[in-house]
Structures are given as structure tokens and as C-alpha cells.
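Here's protein21.cif, which has mmCIF, C-alpha atoms (C1' of nucleotides):
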data_target
loop_
_atom_site.label_atom_id
_atom_site.label_comp_id
_atom_site.auth_asym_id
_atom_site.auth_seq_id
_atom_site.Cartn_x
_atom_site.Cartn_y
_atom_site.Cartn_z
CA MET A 10 -17.54 5.20 -23.31
CA ALA A 11 -18.12 7.71 -20.58
CA MET A 12 -15.22 7.36 -18.18
CA ASP A 13 -16.33 7.24 -14.56
CA ARG A 14 -14.19 10.03 -13.20
CA ASP A 15 -14.91 9.33 -9.55
CA GLN A 16 -14.24 5.63 -9.95
CA VAL A 17 -10.91 6.40 -11.60
CA LEU A 18 -10.03 8.59 -8.63
CA ARG A 19 -11.03 5.86 -6.20
CA ASP A 20 -8.87 3.32 -8.02
CA ALA A 21 -6.03 5.81 -8.06
CA ALA A 22 -6.35 6.36 -4.33
CA ALA A 23 -6.37 2.62 -3.65
CA LEU A 24 -3.13 2.23 -5.56
CA LEU A 25 -1.39 5.39 -4.45
CA SER A 26 -2.17 4.80 -0.79
CA ARG A 27 -0.15 1.58 -1.02
CA LYS A 28 2.49 2.62 -3.55
CA SER A 29 2.79 6.36 -3.48
CA THR A 30 5.58 6.36 -6.05
CA ALA A 31 3.40 4.65 -8.63
CA THR A 32 3.76 5.86 -12.19
CA MET A 33 1.00 7.68 -14.02
CA ASP A 34 0.97 4.67 -16.31
CA GLU A 35 0.46 2.36 -13.35
CA VAL A 36 -2.33 4.56 -12.06
CA ALA A 37 -4.00 4.48 -15.46
CA ARG A 38 -3.76 0.70 -15.70
CA ALA A 39 -5.05 0.30 -12.14
CA ALA A 40 -8.07 2.36 -13.16
CA GLY A 41 -8.49 0.33 -16.33
CA ILE A 42 -7.92 3.22 -18.71
CA GLY A 43 -5.11 4.39 -20.98
CA ARG A 44 -2.44 6.80 -19.91
CA ALA A 45 -3.56 9.29 -22.55
CA THR A 46 -7.09 9.28 -21.19
CA LEU A 47 -5.79 9.83 -17.69
CA HIS A 48 -3.87 12.87 -18.92
CA ARG A 49 -6.91 14.16 -20.76
CA HIS A 50 -8.87 14.36 -17.53
CA PHE A 51 -6.10 15.35 -15.13
CA ALA A 52 -3.48 17.77 -16.37
CA GLY A 53 -0.74 16.04 -14.38
CA ARG A 54 0.16 14.28 -11.22
CA ASP A 55 -0.43 17.37 -9.09
CA ALA A 56 -3.83 17.88 -10.65
CA LEU A 57 -4.66 14.23 -9.98
CA VAL A 58 -3.73 14.53 -6.33
CA ARG A 59 -5.69 17.73 -5.98
CA ALA A 60 -8.69 16.05 -7.59
CA LEU A 61 -8.32 13.22 -5.08
CA GLU A 62 -8.33 15.75 -2.30
CA GLU A 63 -11.42 17.46 -3.64
CA LEU A 64 -13.27 14.20 -4.10
CA GLY A 65 -12.32 13.11 -0.60
CA ILE A 66 -13.59 16.29 0.96
CA ARG A 67 -16.76 16.19 -1.08
CA GLU A 68 -17.50 12.55 -0.28
CA PHE A 69 -16.86 12.99 3.42
CA GLU A 70 -18.99 16.08 3.60
CA VAL A 71 -21.79 13.94 2.21
CA ALA A 72 -20.93 11.09 4.56
CA PHE A 73 -21.08 13.47 7.49
CA ASP A 74 -24.43 14.78 6.38
CA ASN A 75 -25.81 11.29 5.95
CA ALA A 76 -24.52 10.26 9.37
CA ARG A 77 -26.63 13.00 10.98
CA LEU A 78 -23.97 13.73 13.60
CA ASP A 79 -26.30 15.85 15.69
CA GLU A 80 -28.92 13.17 16.24
CA GLY A 81 -28.90 10.75 19.13
CA THR A 82 -25.85 10.18 21.28
CA ALA A 83 -22.36 10.92 20.03
CA VAL A 84 -21.58 7.21 20.19
CA GLU A 85 -24.46 6.37 17.88
CA ALA A 86 -23.51 9.18 15.54
CA LEU A 87 -19.93 7.94 15.40
CA LYS A 88 -21.05 4.46 14.42
CA ARG A 89 -23.16 5.92 11.63
CA LEU A 90 -20.21 8.02 10.52
CA VAL A 91 -17.89 5.02 10.25
CA ALA A 92 -20.50 3.13 8.26
CA GLN A 93 -20.92 6.08 5.90
CA ALA A 94 -17.16 6.48 5.51
CA GLU A 95 -16.54 2.89 4.48
CA PRO A 96 -17.01 3.30 0.70
CA ASN A 97 -14.34 5.97 0.68
CA ALA A 98 -12.01 4.51 3.28
CA GLU A 99 -9.19 3.95 0.80
CA LEU A 100 -9.49 7.53 -0.31
CA LEU A 101 -9.22 8.67 3.28
CA ALA A 102 -6.22 6.42 3.82
CA PHE A 103 -4.44 8.07 0.92
CA LEU A 104 -5.26 11.60 1.99
CA VAL A 105 -4.27 11.04 5.59
CA THR A 106 -0.89 9.62 4.72
CA GLU A 107 -0.14 11.96 1.83
CA ASN A 108 0.52 15.03 3.86
CA GLN A 109 2.64 16.72 1.27
CA LEU A 110 -0.68 18.33 0.47
CA PHE A 111 -0.42 20.39 3.57
CA GLU A 112 2.96 21.91 2.91
CA GLY A 113 3.60 25.39 4.10
CA ASP A 114 1.15 25.20 6.97
CA GLN A 115 -1.68 26.17 4.67
CA VAL A 116 -4.00 23.41 5.68
CA ASN A 117 -6.80 22.92 3.23
CA GLU A 118 -9.92 24.73 4.26
CA GLY A 119 -12.12 21.75 3.53
CA TRP A 120 -10.10 19.48 5.79
CA ALA A 121 -10.21 22.02 8.56
CA ARG A 122 -13.99 22.02 8.31
CA LEU A 123 -14.17 18.22 8.44
CA ASP A 124 -11.75 18.14 11.38
CA ALA A 125 -13.94 20.64 13.16
CA ARG A 126 -17.04 18.51 12.65
CA VAL A 127 -15.38 15.37 13.98
CA GLY A 128 -13.84 17.26 16.86
CA ALA A 129 -17.19 18.77 17.73
CA LEU A 130 -18.74 15.31 17.73
CA PHE A 131 -16.23 14.00 20.24
CA ARG A 132 -16.56 17.14 22.32
CA ARG A 133 -20.31 16.69 22.43
CA GLY A 134 -19.80 13.13 23.59
CA GLN A 135 -17.51 14.35 26.34
CA GLN A 136 -19.99 16.96 27.47
CA GLU A 137 -22.79 14.43 27.54
CA GLY A 138 -20.63 12.09 29.58
CA ASP A 139 -20.35 9.33 27.01
CA ILE A 140 -16.76 9.97 25.94
CA ARG A 141 -13.68 10.04 28.17
CA ILE A 142 -12.34 13.49 28.83
CA ASP A 143 -8.72 12.39 29.31
CA LEU A 144 -8.41 11.73 25.56
CA SER A 145 -8.38 14.99 23.63
CA PRO A 146 -10.83 15.45 20.75
CA ALA A 147 -7.85 16.20 18.50
CA TRP A 148 -6.30 12.82 19.28
CA LEU A 149 -9.61 11.01 18.95
CA THR A 150 -10.07 12.62 15.56
CA GLU A 151 -6.63 11.53 14.41
CA ALA A 152 -7.20 8.06 15.81
CA LEU A 153 -10.50 7.77 13.95
CA TYR A 154 -8.82 8.66 10.65
CA GLY A 155 -5.93 6.34 11.42
CA LEU A 156 -8.12 3.38 12.28
CA ILE A 157 -10.28 3.83 9.20
CA GLY A 158 -7.19 3.92 7.00
CA THR A 159 -5.58 1.01 8.79
CA CYS A 160 -8.72 -1.08 8.49
CA ALA A 161 -9.06 -0.21 4.82
CA TRP A 162 -5.55 -1.53 4.24
CA ALA A 163 -6.20 -4.62 6.33
CA VAL A 164 -9.28 -5.34 4.24
CA MET A 165 -7.36 -4.76 1.00
CA ASP A 166 -4.69 -7.22 2.13
CA GLY A 167 -7.25 -9.74 3.30
CA ARG A 168 -6.32 -9.59 6.96
CA VAL A 169 -9.74 -8.33 7.96
CA ALA A 170 -13.06 -9.25 6.40
CA ALA A 171 -14.79 -6.37 4.65
CA LYS A 172 -18.04 -7.10 6.46
CA ASP A 173 -16.32 -6.45 9.80
CA PHE A 174 -15.17 -2.97 8.80
CA GLN A 175 -17.59 -0.92 10.84
CA TYR A 176 -17.59 -3.30 13.80
CA MET A 177 -13.80 -3.55 14.12
CA ILE A 178 -13.33 0.21 14.03
CA THR A 179 -16.17 1.32 16.24
CA GLU A 180 -15.72 -1.41 18.81
CA LEU A 181 -11.99 -0.76 19.12
CA LEU A 182 -12.28 3.01 19.06
CA LEU A 183 -15.17 3.17 21.48
CA GLY A 184 -14.77 0.13 23.69
CA GLY A 185 -11.08 -0.67 23.44
CA ALA A 186 -9.40 -4.03 23.44
CA ARG A 187 -9.60 -4.64 27.15
CA ARG A 188 -12.26 -7.00 28.29
CA SER A 189 -14.40 -5.24 30.84
CA VAL A 190 -16.33 -6.91 33.62
CA GLU A 191 -19.77 -6.15 32.24
CA GLN A 192 -18.94 -7.33 28.74
CA MET B 30 32.82 13.81 10.95
CA ALA B 31 31.40 10.42 11.72
CA MET B 32 27.97 10.37 10.13
CA ASP B 33 25.34 8.84 12.40
CA ARG B 34 23.94 6.27 10.03
CA ASP B 35 20.95 5.33 12.17
CA GLN B 36 20.05 8.97 12.78
CA VAL B 37 20.17 9.63 9.04
CA LEU B 38 17.80 6.73 8.54
CA ARG B 39 15.48 8.04 11.23
CA ASP B 40 15.41 11.49 9.64
CA ALA B 41 14.79 9.90 6.27
CA ALA B 42 11.89 7.91 7.69
CA ALA B 43 10.39 11.03 9.27
CA LEU B 44 10.47 12.81 5.92
CA LEU B 45 9.50 9.91 3.69
CA SER B 46 6.56 8.92 5.88
CA ARG B 47 5.07 12.34 5.17
CA LYS B 48 6.29 12.92 1.63
CA SER B 49 7.00 9.59 0.06
CA THR B 50 7.97 11.16 -3.28
CA ALA B 51 10.74 13.17 -1.69
CA THR B 52 13.94 13.49 -3.71
CA MET B 53 17.22 11.96 -2.59
CA ASP B 54 18.41 15.53 -2.30
CA GLU B 55 15.52 16.38 0.00
CA VAL B 56 16.23 13.32 2.10
CA ALA B 57 19.88 14.32 2.39
CA ARG B 58 19.01 17.87 3.44
CA ALA B 59 16.46 16.60 5.93
CA ALA B 60 19.21 14.49 7.46
CA GLY B 61 21.59 17.42 7.44
CA ILE B 62 24.10 15.84 5.08
CA GLY B 63 25.08 16.28 1.46
CA ARG B 64 23.60 14.28 -1.35
CA ALA B 65 26.99 12.81 -2.18
CA THR B 66 27.41 11.51 1.35
CA LEU B 67 23.96 9.97 1.26
CA HIS B 68 24.91 8.13 -1.91
CA ARG B 69 28.21 7.02 -0.39
CA HIS B 70 26.38 5.18 2.37
CA PHE B 71 23.30 3.99 0.47
CA ALA B 72 23.78 2.85 -3.10
CA GLY B 73 20.42 4.22 -4.20
CA ARG B 74 16.86 4.82 -3.23
CA ASP B 75 16.07 1.14 -3.06
CA ALA B 76 19.05 0.50 -0.84
CA LEU B 77 17.94 3.34 1.40
CA VAL B 78 14.46 1.92 1.76
CA ARG B 79 15.83 -1.52 2.45
CA ALA B 80 18.16 -0.08 5.08
CA LEU B 81 15.12 1.60 6.65
CA GLU B 82 13.37 -1.72 6.71
CA GLU B 83 16.35 -3.46 8.28
CA LEU B 84 16.76 -0.77 10.90
CA GLY B 85 13.07 -0.89 11.69
CA ILE B 86 13.07 -4.63 12.17
CA ARG B 87 16.24 -4.50 14.24
CA GLU B 88 14.99 -1.70 16.46
CA PHE B 89 11.63 -3.34 17.04
CA GLU B 90 13.19 -6.69 17.81
CA VAL B 91 15.13 -4.88 20.53
CA ALA B 92 12.02 -3.01 21.65
CA PHE B 93 10.14 -6.28 21.92
CA ASP B 94 12.93 -7.82 23.94
CA ASN B 95 13.07 -4.84 26.27
CA ALA B 96 9.31 -4.90 26.72
CA ARG B 97 9.54 -8.47 28.09
CA LEU B 98 6.27 -9.48 26.46
CA ASP B 99 6.03 -12.71 28.41
CA GLU B 100 6.10 -11.12 31.83
CA GLY B 101 3.02 -10.02 33.73
CA THR B 102 -0.33 -9.60 32.07
CA ALA B 103 -0.66 -8.99 28.36
CA VAL B 104 -2.04 -5.54 29.12
CA GLU B 105 1.04 -4.59 31.11
CA ALA B 106 3.31 -6.02 28.42
CA LEU B 107 1.51 -4.02 25.75
CA LYS B 108 2.02 -0.79 27.65
CA ARG B 109 5.72 -1.55 27.95
CA LEU B 110 5.84 -2.33 24.24
CA VAL B 111 4.31 0.99 23.26
CA ALA B 112 6.74 2.82 25.50
CA GLN B 113 9.66 0.97 23.95
CA ALA B 114 8.39 1.63 20.43
CA GLU B 115 8.12 5.38 20.86
CA PRO B 116 11.69 6.32 19.78
CA ASN B 117 11.14 4.56 16.48
CA ALA B 118 7.51 5.43 15.93
CA GLU B 119 8.21 7.51 12.82
CA LEU B 120 10.18 4.64 11.40
CA LEU B 121 7.25 2.34 12.00
CA ALA B 122 4.89 4.84 10.43
CA PHE B 123 6.97 4.85 7.26
CA LEU B 124 7.29 1.09 7.07
CA VAL B 125 3.60 0.47 7.69
CA THR B 126 2.47 2.86 4.98
CA GLU B 127 5.17 2.01 2.45
CA ASN B 128 3.83 -1.34 1.45
CA GLN B 129 5.53 -1.38 -1.89
CA LEU B 130 8.13 -3.28 0.11
CA PHE B 131 5.86 -6.24 0.24
CA GLU B 132 5.21 -6.62 -3.43
CA GLY B 133 4.82 -10.07 -4.84
CA ASP B 134 3.42 -11.50 -1.63
CA GLN B 135 6.93 -12.16 -0.38
CA VAL B 136 6.39 -10.57 2.98
CA ASN B 137 9.63 -9.87 4.69
CA GLU B 138 10.57 -12.61 7.07
CA GLY B 139 11.51 -10.17 9.81
CA TRP B 140 8.12 -8.49 9.67
CA ALA B 141 6.36 -11.84 9.81
CA ARG B 142 8.29 -12.62 12.99
CA LEU B 143 7.34 -9.30 14.57
CA ASP B 144 3.72 -9.75 13.55
CA ALA B 145 3.76 -13.17 15.12
CA ARG B 146 5.08 -11.80 18.39
CA VAL B 147 2.43 -9.09 18.58
CA GLY B 148 -0.28 -11.50 17.57
CA ALA B 149 0.85 -13.97 20.20
CA LEU B 150 0.71 -11.23 22.81
CA PHE B 151 -2.89 -10.41 22.01
CA ARG B 152 -3.78 -14.08 21.88
CA ARG B 153 -2.29 -14.60 25.30
CA GLY B 154 -4.36 -11.69 26.58
CA GLN B 155 -7.47 -13.28 25.12
CA GLN B 156 -6.70 -16.64 26.69
CA GLU B 157 -6.09 -15.04 30.05
CA GLY B 158 -9.39 -13.19 29.79
CA ASP B 159 -7.96 -9.70 29.66
CA ILE B 160 -8.51 -9.04 25.96
CA ARG B 161 -11.80 -9.22 24.08
CA ILE B 162 -12.16 -12.24 21.85
CA ASP B 163 -14.48 -10.58 19.34
CA LEU B 164 -11.56 -8.52 17.99
CA SER B 165 -9.12 -10.71 16.08
CA PRO B 166 -5.42 -10.64 17.01
CA ALA B 167 -4.68 -9.75 13.38
CA TRP B 168 -6.84 -6.65 13.58
CA LEU B 169 -5.50 -5.68 16.98
CA THR B 170 -1.99 -5.97 15.58
CA GLU B 171 -2.83 -3.76 12.63
CA ALA B 172 -4.59 -1.30 14.90
CA LEU B 173 -1.56 -1.12 17.18
CA TYR B 174 0.71 -0.30 14.25
CA GLY B 175 -1.80 2.18 12.90
CA LEU B 176 -2.25 4.00 16.17
CA ILE B 177 1.48 4.23 16.78
CA GLY B 178 2.00 5.69 13.32
CA THR B 179 -0.97 8.02 13.64
CA CYS B 180 0.22 9.26 17.02
CA ALA B 181 3.74 9.78 15.69
CA TRP B 182 2.33 12.01 12.94
CA ALA B 183 0.08 13.84 15.38
CA VAL B 184 3.11 14.55 17.55
CA MET B 185 5.15 15.69 14.55
CA ASP B 186 2.39 18.10 13.59
CA GLY B 187 1.96 19.33 17.14
CA ARG B 188 -1.59 18.05 17.55
CA VAL B 189 -0.59 15.73 20.38
CA ALA B 190 2.05 16.38 23.04
CA ALA B 191 5.01 14.02 22.85
CA LYS B 192 4.74 13.23 26.54
CA ASP B 193 1.24 11.83 26.00
CA PHE B 194 2.42 9.35 23.37
CA GLN B 195 2.25 6.17 25.41
CA TYR B 196 -0.86 7.20 27.35
CA MET B 197 -2.91 8.19 24.29
CA ILE B 198 -2.14 4.98 22.45
CA THR B 199 -2.48 2.47 25.26
CA GLU B 200 -5.55 4.08 26.77
CA LEU B 201 -7.36 4.26 23.46
CA LEU B 202 -6.28 0.83 22.27
CA LEU B 203 -7.02 -0.89 25.56
CA GLY B 204 -9.80 1.12 27.13
CA GLY B 205 -11.46 2.79 24.15
CA ALA B 206 -13.01 6.21 23.96
CA ARG B 207 -16.25 5.33 25.65
CA ARG B 208 -16.58 6.35 29.22
CA SER B 209 -17.40 3.31 31.29
CA VAL B 210 -19.32 3.33 34.52
CA GLU B 211 -16.45 2.30 36.74
CA GLN B 212 -14.05 4.81 35.27
"C1'" DC C 15 52.38 20.48 12.45
"C1'" DC C 16 51.21 17.37 8.83
"C1'" DA C 17 48.71 13.74 6.55
"C1'" DC C 18 44.77 11.24 5.99
"C1'" DG C 19 39.94 10.38 5.64
"C1'" DA C 20 35.37 12.02 5.34
"C1'" DT C 21 32.40 15.44 3.83
"C1'" DG C 22 29.96 19.24 0.89
"C1'" DA C 23 29.39 21.41 -3.29
"C1'" DG C 24 29.04 21.21 -7.85
"C1'" DA C 25 29.47 19.22 -12.72
"C1'" DC C 26 28.24 15.60 -15.77
"C1'" DA C 27 25.86 12.14 -18.58
"C1'" DG C 28 22.26 8.54 -18.39
"C1'" DT C 29 17.66 7.30 -17.55
"C1'" DG C 30 13.01 7.05 -16.85
"C1'" DA C 31 8.76 9.34 -16.31
"C1'" DC C 32 6.16 13.07 -17.98
"C1'" DG C 33 3.22 15.64 -21.04
"C1'" DT C 34 1.80 16.15 -25.79
"C1'" DC C 35 0.97 14.54 -30.06
"C1'" DT C 36 -1.06 11.59 -33.90
"C1'" DC C 37 -3.72 7.92 -35.61
"C1'" DA C 38 -6.76 4.00 -35.66
"C1'" DT C 39 -10.61 1.91 -33.33
"C1'" DG C 40 -15.17 1.52 -31.53
"C1'" DC C 41 -19.27 2.79 -29.43
"C1'" DG C 42 -23.54 5.80 -29.46
"C1'" DG C 43 -26.54 9.09 -31.12
"C1'" DG C 44 -28.89 11.17 -34.85
"C1'" DC D 4 -26.61 3.88 -41.74
"C1'" DC D 5 -23.26 7.31 -40.93
"C1'" DC D 6 -21.20 10.77 -38.32
"C1'" DG D 7 -18.98 12.35 -34.14
"C1'" DC D 8 -16.56 11.89 -30.15
"C1'" DA D 9 -14.01 9.59 -26.66
"C1'" DT D 10 -10.69 6.27 -26.04
"C1'" DG D 11 -6.27 3.17 -26.48
"C1'" DA D 12 -1.93 2.57 -28.26
"C1'" DG D 13 2.14 4.25 -29.40
"C1'" DA D 14 5.85 7.82 -30.76
"C1'" DC D 15 8.38 11.73 -29.43
"C1'" DG D 16 10.96 15.50 -27.14
"C1'" DT D 17 11.57 17.42 -22.60
"C1'" DC D 18 12.87 17.51 -18.06
"C1'" DA D 19 13.91 16.26 -13.43
"C1'" DC D 20 16.04 13.00 -10.78
"C1'" DT D 21 19.62 9.81 -10.43
"C1'" DG D 22 24.20 7.99 -9.78
"C1'" DT D 23 29.06 9.04 -10.38
"C1'" DC D 24 32.71 11.92 -10.63
"C1'" DT D 25 36.13 15.65 -9.16
"C1'" DC D 26 37.87 19.00 -6.15
"C1'" DA D 27 38.21 21.98 -2.17
"C1'" DT D 28 37.49 22.04 2.71
"C1'" DC D 29 37.56 20.57 7.39
"C1'" DG D 30 38.72 18.12 11.65
"C1'" DT D 31 40.96 14.50 13.57
"C1'" DG D 32 44.68 11.52 14.79
"C1'" DG D 33 49.48 10.69 14.62
#

Rewritten as C-alpha cells:
Amino acid sequence: MAMDRDQVLRDAAALLSRKSTATMDEVARAAGIGRATLHRHFAGRDALVRALEELGIREFEVAFDNARLDEGTAVEALKRLVAQAEPNAELLAFLVTENQLFEGDQVNEGWARLDARVGALFRRGQQEGDIRIDLSPAWLTEALYGLIGTCAWAVMDGRVAAKDFQYMITELLLGGARRSVEQ
Amino acid sequence: MAMDRDQVLRDAAALLSRKSTATMDEVARAAGIGRATLHRHFAGRDALVRALEELGIREFEVAFDNARLDEGTAVEALKRLVAQAEPNAELLAFLVTENQLFEGDQVNEGWARLDARVGALFRRGQQEGDIRIDLSPAWLTEALYGLIGTCAWAVMDGRVAAKDFQYMITELLLGGARRSVEQ
DNA sequence: CCACGATGAGACAGTGACGTCTCATGCGGG
DNA sequence: CCCGCATGAGACGTCACTGTCTCATCGTGG
């Protein structure tokens, strides 16, 4: 009976990230509930999107905490972060692409905080000599988001195996595609 | 007087990739034309999206040809490809995220051909020993698209300088973020 | 200078999604 | 066992977008 609000939001994100013009009815069916129930819990489409944003921020705050970004090397922390982010990758994919949220230059405070944490992680890696300094933390942050979203889509479409999620992202982001001598 | 059809499509892609629910009126204003004119050239929203798809495929076919993917090493060819793709990066970003185009598993033939060319490039790099074999060509292809789109957005939002476009993508995709010993 | 073609602005009806409502169903707790 | 509450299905009016139309304007070529 009790509708799993977070699960509904996750299903909505999975659909909307691929078909952003989806109807409220389509969203409801994708989540396995009726349209009326969807409207009972989210006043409208805007409210739904804002709830998605809130859930995303909340989940990633938790993921960041669980990844213990301050422990060990930045590289190790980044791998933990990707692993923690996986369950909400589709949500991230939706939020990254749906930038109508950030209209009017009033970037959401929560996102700014997350951006700062990721940026700080890359900056720490640069200071410790583990991360290249010719790639800006801002770009590395964007690239991390982009690769997580891209991989989430690739998994959804069956082009990448779900079990390879963390490996594909971290290996590409950290090591790159080029085959080095020592590898 | 003469409306630049391709430029209108590019402006539309830049807007729609960030706000996929944008109105036809918003698209027209973003392109600097009237709504009536937009409708004169594109029968409707579907026709507009299909025109975007066609333009994207056409432009990237040309970009691929100009990049001469068969010449030199795969790494060199990839760098040329990214450079050639830059003018249409926003278009690619829209097409990659707007996967409602590919409903019903009837993937557009043109896209399949482009995918095949990129995949073949990575495969050649793997065979020649320049590209890692533990990252599948399918994933590398997706990652390339994703990074181009992500970088296009980052440039649009001012988080990455436009002049760094090619460098940021190729260096991250090929070399990764980790600082190697010999670098 | 004139005529033609394209464009922008606005009006107009049609349409489809939205948001709200009611009612019947079904599960769970008391 | 029965009551209560959440849900699903459907109906309904509203509204925003759509697609088409007309008309005035503009600049371009003849």
C-alpha cells in the first residue's frame, strides 16, 4: 500500500533522463502507479522535478559521506565515490542534463556544495601529485558527472554491463584510454 | 532575408539540449526568428527534431571524413576527430541526450554508421597497441560522445574556456586524470 | 522606382496534457 | 470481522502549446 516515494522518483528520473518530454501519465506508468497517485504526492510537474533535485542532492550527500573523501589518496577516494554513486547514477544523469533547473543563474545551493566537494577532491589530488594539474578541477568535475551519466545510459541500453560500471568510469577517468608502457 | 537554416538548427540544438521542454516559440526566439518562420521551414516539432538529427549525421559524416580516421595512429586520428567535431558539439549533445529518437529499437541507420566508424577507430587503436583492451570500443565510443557533450555544456556555461575544448577532451579521454610517472 | 518574396507579429481554433474530482476496490490495522 | 485509508481508474473543465491563417513591413532584384 505504502508507495515508495524515493523509488517512484528514481523510476521517474530513469524515464525523464531518456525522454524528457514524457507525460505525467507516462511517468506514473513507468513508476508502476496511477496518475492520480502521482499527483497526490507531487503537486505538478515542477514539484516532481524539484523533488528529483532534492532527492539527488540528498542521496549524493550521503554517497559523499560514505565515500570518505578525505581518507587515503584522492584516487582511492574517487573510486569509492563512483561506487557509492552507482545506485543513483540515473538520477544524476537526469539532473545533469536537465539544466532548466538552473535558470536565472541562481544555481541551487545544494549543487554548489556538491560541486565544491568534488572540486576539492580533485584539487587535493593535484596538490598531492596524483592528479594532473593541466586539467582544471572544474573540468574534471564536469567530466566525472558526464561519464557517470553516460555510463548509466550505456548500462540502461545494454551497451555496457552493469557490473563494469565502476571500473569503466574510474579507469577511463583516471587512467585514460591510451595504453601506457607500464600497463 | 535568407534564413540560415543550419544556423537555426544549431541554435535550436543549443537551447533544446539544455531545456528539452522548450516551446516552439522559445526555439524561434533563441534562433532570432519568428515563430511563423520556424513553422514555415519545419512542419512541426517532430520535423524539427528530425531535421536536427539529419543535420547532425550529415555534419559528423563530414567531420569524420575531414579527420581522415585511417591516417596515422588511432590516437592522432581521434584528436583530429575531436577538433573537427567541435563546431557541432552542441548538436551532438542534444542528439546524444534526446534518445526518444531511438524508440522502438529502430536505431537510426546514420547513427549506426557513425557508431561503427568510431568503434572501428578504437578497435584499430587496440590492435595497434595504442589503446587499452580492457575498455570496450562500445564504452569508449559512448564516453567520447559523453565527454564532447559535457564539454560543450561546460563551455556554454563558462566553466571551461572554448579554446581548451579539444585539449580537455582528448587529454582526459586518452591520458586520464592520473598523473603518470613519465608525464 | 516598383514588384515580388520572405519575414514578423498577431489572431484563431484545435488539441492534448494537466490538475482536480468522484467512486469503487483492496489491503492492513484495530 | 469491520473500519479506515491509500490507491487505480476514469470523467471533466481548464489551459498552454500548437499549427494555420492574415496582414503589414522590409529589403532585394529587376

Exercise for review: Name the residues that the PyMOL selection byres ((chain C and resi 31-42) around 8) picks from the file above, as a VMD selection string, using the file's chain letters and numbers.
Suggested key: (chain A and resid 10 32 48 53) or (chain C and resid 30 43) or (chain D and resid 15)

Point to revise | Selection near B:Leu169, 8 Å with only C-alpha atoms (C1' of nucleotides), sequence-local residues under 5 positions removed, as a ChimeraX atom specification | key: /A:186 /B:148,151,164

Check your understanding: Could you state the separation of atom CA of B:Arg207 and atom CA of B:Leu121 in Å, given to one decimal place?
Key -> 27.3 Å

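Between atom CA of A:Leu182 and atom CA of A:Ala152 the separation is 7.9 Å.
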
Exercise for review: Would you give me, as a PyMOL selection string, the residues of chain A that come within 6 Å of chain B, using all atoms listed in the file?
Suggested key: chain A and resi 27-28+108-109+139-141+155+159+182-188

Please build the interface table for chain B against chain C with a cut-off of 12 Å, listing for each qualifying residue the nearest atom pair and the distance in Å to one decimal; count all atoms listed in the file, order rows by chain and increasing number, and write it as CSV.
residue,atom,partner,partner_atom,distance
B:Met30,CA,C:DA20,C1',6.4
B:Ala31,CA,C:DA20,C1',7.7
B:Met32,CA,C:DA20,C1',9.0
B:Ala57,CA,C:DG22,C1',11.3
B:Arg58,CA,C:DG22,C1',11.3
B:Gly61,CA,C:DG22,C1',10.8
B:Ile62,CA,C:DG22,C1',8.0
B:Gly63,CA,C:DG22,C1',5.7
B:Arg64,CA,C:DG22,C1',8.4
B:Ala65,CA,C:DG22,C1',7.7
B:Thr66,CA,C:DT21,C1',6.8
B:Leu67,CA,C:DT21,C1',10.4
B:His68,CA,C:DT21,C1',11.9
B:Arg69,CA,C:DT21,C1',10.3
B:His70,CA,C:DA20,C1',11.7

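Every residue of chain D that lies within 9 Å of chain A is listed here, counting all atoms listed in the file: DA9, DT10, DG11 and DA12 of chain D.
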
Practice item. In Å, rounded to a single decimal, give me how far atom CA of B:Phe194 is from atom CA of A:Glu62. Key: 28.6 Å

Check your understanding: Which residue gives the smallest distance to A:Glu137 among A:Ala60, A:Ala98, A:Gly119, A:Gly81, with all atoms listed in the file counted?
Key -> A:Gly81
